[in-house]
Protein chains: 4
Amino acid sequence: MESIEELAGRLREFAAERDWEQFHTPKNLAMALSGEVGELVAELQWLTPEQSVRVMDDPEAGARVRAELGDVFAYLTRLADVLGVDLLEAAADKMAEGALRYDAETYRGSARKAPPLRHTGTS
Amino acid sequence: MESIEELAGRLREFAAERDWEQFHTPKNLAMALSGEVGELVAELQWLTPEQSVRVMDDPEAGARVRAELGDVFAYLTRLADVLGVDLLEAAADKMAEGALRYDAETYRGSARKAPPLRHTGTS
Amino acid sequence: MESIEELAGRLREFAAERDWEQFHTPKNLAMALSGEVGELVAELQWLTPEQSVRVMDDPEAGARVRAELGDVFAYLTRLADVLGVDLLEAAADKMAEGALRYDAETYRGSARKAPPLRHTGTS
Amino acid sequence: MESIEELAGRLREFAAERDWEQFHTPKNLAMALSGEVGELVAELQWLTPEQSVRVMDDPEAGARVRAELGDVFAYLTRLADVLGVDLLEAAADKMAEGALRYDAETYRGSARKAPPLRHTGTS
């Protein structure tokens, strides 16, 4: 697989061959995405942050995490395709916003200075 | 932005410049991804499936949905990068599995024949 | 089971008997809750809103939905217990806020007047 | 607030006064629940497990976590009410299953022996 466009195209065919477009509304796909992310989170829930860093060293857990990432990405790509959103552009725009909001000088090395609701750590 | 690799590289720099790698464990990033997907779902929760199909026609709602997709994709890319997983390959492998599991003949046009736990509709 | 307090007490014992308190940090429990909600959402993702209203009429789907609700509530109760939060009081406080924010006169029968980000429907 | 039944009754009235029953399908409410859990998870995402244990000591973060728990519980109660599910019974049934599946002797103090997909920790 070479690109997001190729993946989107293959997912489009996959749905068309099964006449599943009727189920692939943005609402339903957002729910499916949410369910897959839940499965990914479940793989990491009892691990310490340190254990989570090494999760790919465990062949079985690593394979499960990789498979869940694949599911999440497939549903995200399908949802964006159905909505006509370019994921790379949308992410780039958000990064540009983030760069303005969290300038490197102020936020370096410290989560304490971050805005209360997000990117924050009490310590 | 040309590719997932380019996005991953820019997110890596973004984190490094702020010394945020310490916060970017797979466990924490999976939580952040989950939070962003929650925001995306919230945009669509009160819409009917039909309304959700037209959500991009509303400039304000459309811009919010696009921004949430950008956030979700950015965290997913960062998480996969930290874990060393190739998202396109992982999704391709899952699609190959799905093609075997849901053959087009059996599952065409009907959610009723699908396995009980997933991809199913009672009707 | 008579009350949330009783459920919380039984979950406390359950964890203590297995020496699982070490895993039951708020962070881990919030992830577990998120995973269970993902499973609940997955049960409803391909249903139309109308089908979802009748989901309990299907004995198998109904049993799965009920089981997921039980899991979600168990983790929510355990998380609140570990944090020392009274769920009924916390919900009552939020309802009081909601009553001020969404007065019945203004918001009656129409999702259009609701604030753009939440409790909203485009129609 | 004395009981879940009382909360459910008040939420029922709240929805009726605003003619919001039309939006409160199980599908929509599950999405709303998922969105609220996402907000709860976001409060804890950058905290270490140890910091998350002390999150209620921080008045601002503590208030936000309590408010999110209230939102999650309100939507869960409303969803269960709409579906006709008794949350305490559903949780009790799941606990009885869990007690059989995870006997205290085998699973004591160790996440390693747990089934691979759930309640597990690699170490």
# chains A, B, ... in the order shown; residues from 1 in each chain; ligands from 1
call {"tool": "interface_residues", "arguments": {"of": "chain A", "to": "chain C", "cutoff": "8 Å", "atoms": "only C-alpha atoms", "output": "MDAnalysis selection string"}}
result
chainID A and resid 23 28:29 31:32 34:42 45:46
call {"tool": "closest_residue", "arguments": {"among": "B:Asp19, B:Leu79, B:Pro26, B:Gly9", "to": "Glu50 (chain A)", "atoms": "only C-alpha atoms"}}
result
B:Pro26
call {"tool": "residues_around", "arguments": {"residues": "Leu7 (chain C)", "least_positions_apart": "4", "cutoff": "10 Å", "atoms": "only C-alpha atoms", "output": "count of residues only"}}
result
16
call {"tool": "select_by_dssp", "arguments": {"residues": "chain A", "states": "helix (DSSP H, G or I)", "output": "number ranges by chain"}}
result
A: 4-17, 21-23, 26-44, 49-53, 55-57, 59-83, 87-101, 104-107
call {"tool": "atom_distance", "arguments": {"atom1": "CA of Val65 (chain C)", "atom2": "CA of Arg18 (chain D)"}}
result
27.3 Å
call {"tool": "residues_around", "arguments": {"residues": "Arg64 (chain D)", "least_positions_apart": "2", "cutoff": "10 Å", "atoms": "only C-alpha atoms", "output": "PyMOL selection string"}}
result
(chain A and resi 116-117) or (chain D and resi 39-40+43+55-56+58-62+66-70)
call {"tool": "closest_residue", "arguments": {"among": "B:Ser52, B:Thr106, B:Val72, B:Glu21", "to": "Lys94 (chain A)", "atoms": "only C-alpha atoms"}}
result
B:Val72
call {"tool": "atom_distance", "arguments": {"atom1": "CA of Asp103 (chain A)", "atom2": "CA of Ala15 (chain B)"}}
result
11.2 Å
call {"tool": "atom_distance", "arguments": {"atom1": "CA of Phe14 (chain C)", "atom2": "CA of Gly98 (chain D)"}}
result
9.2 Å
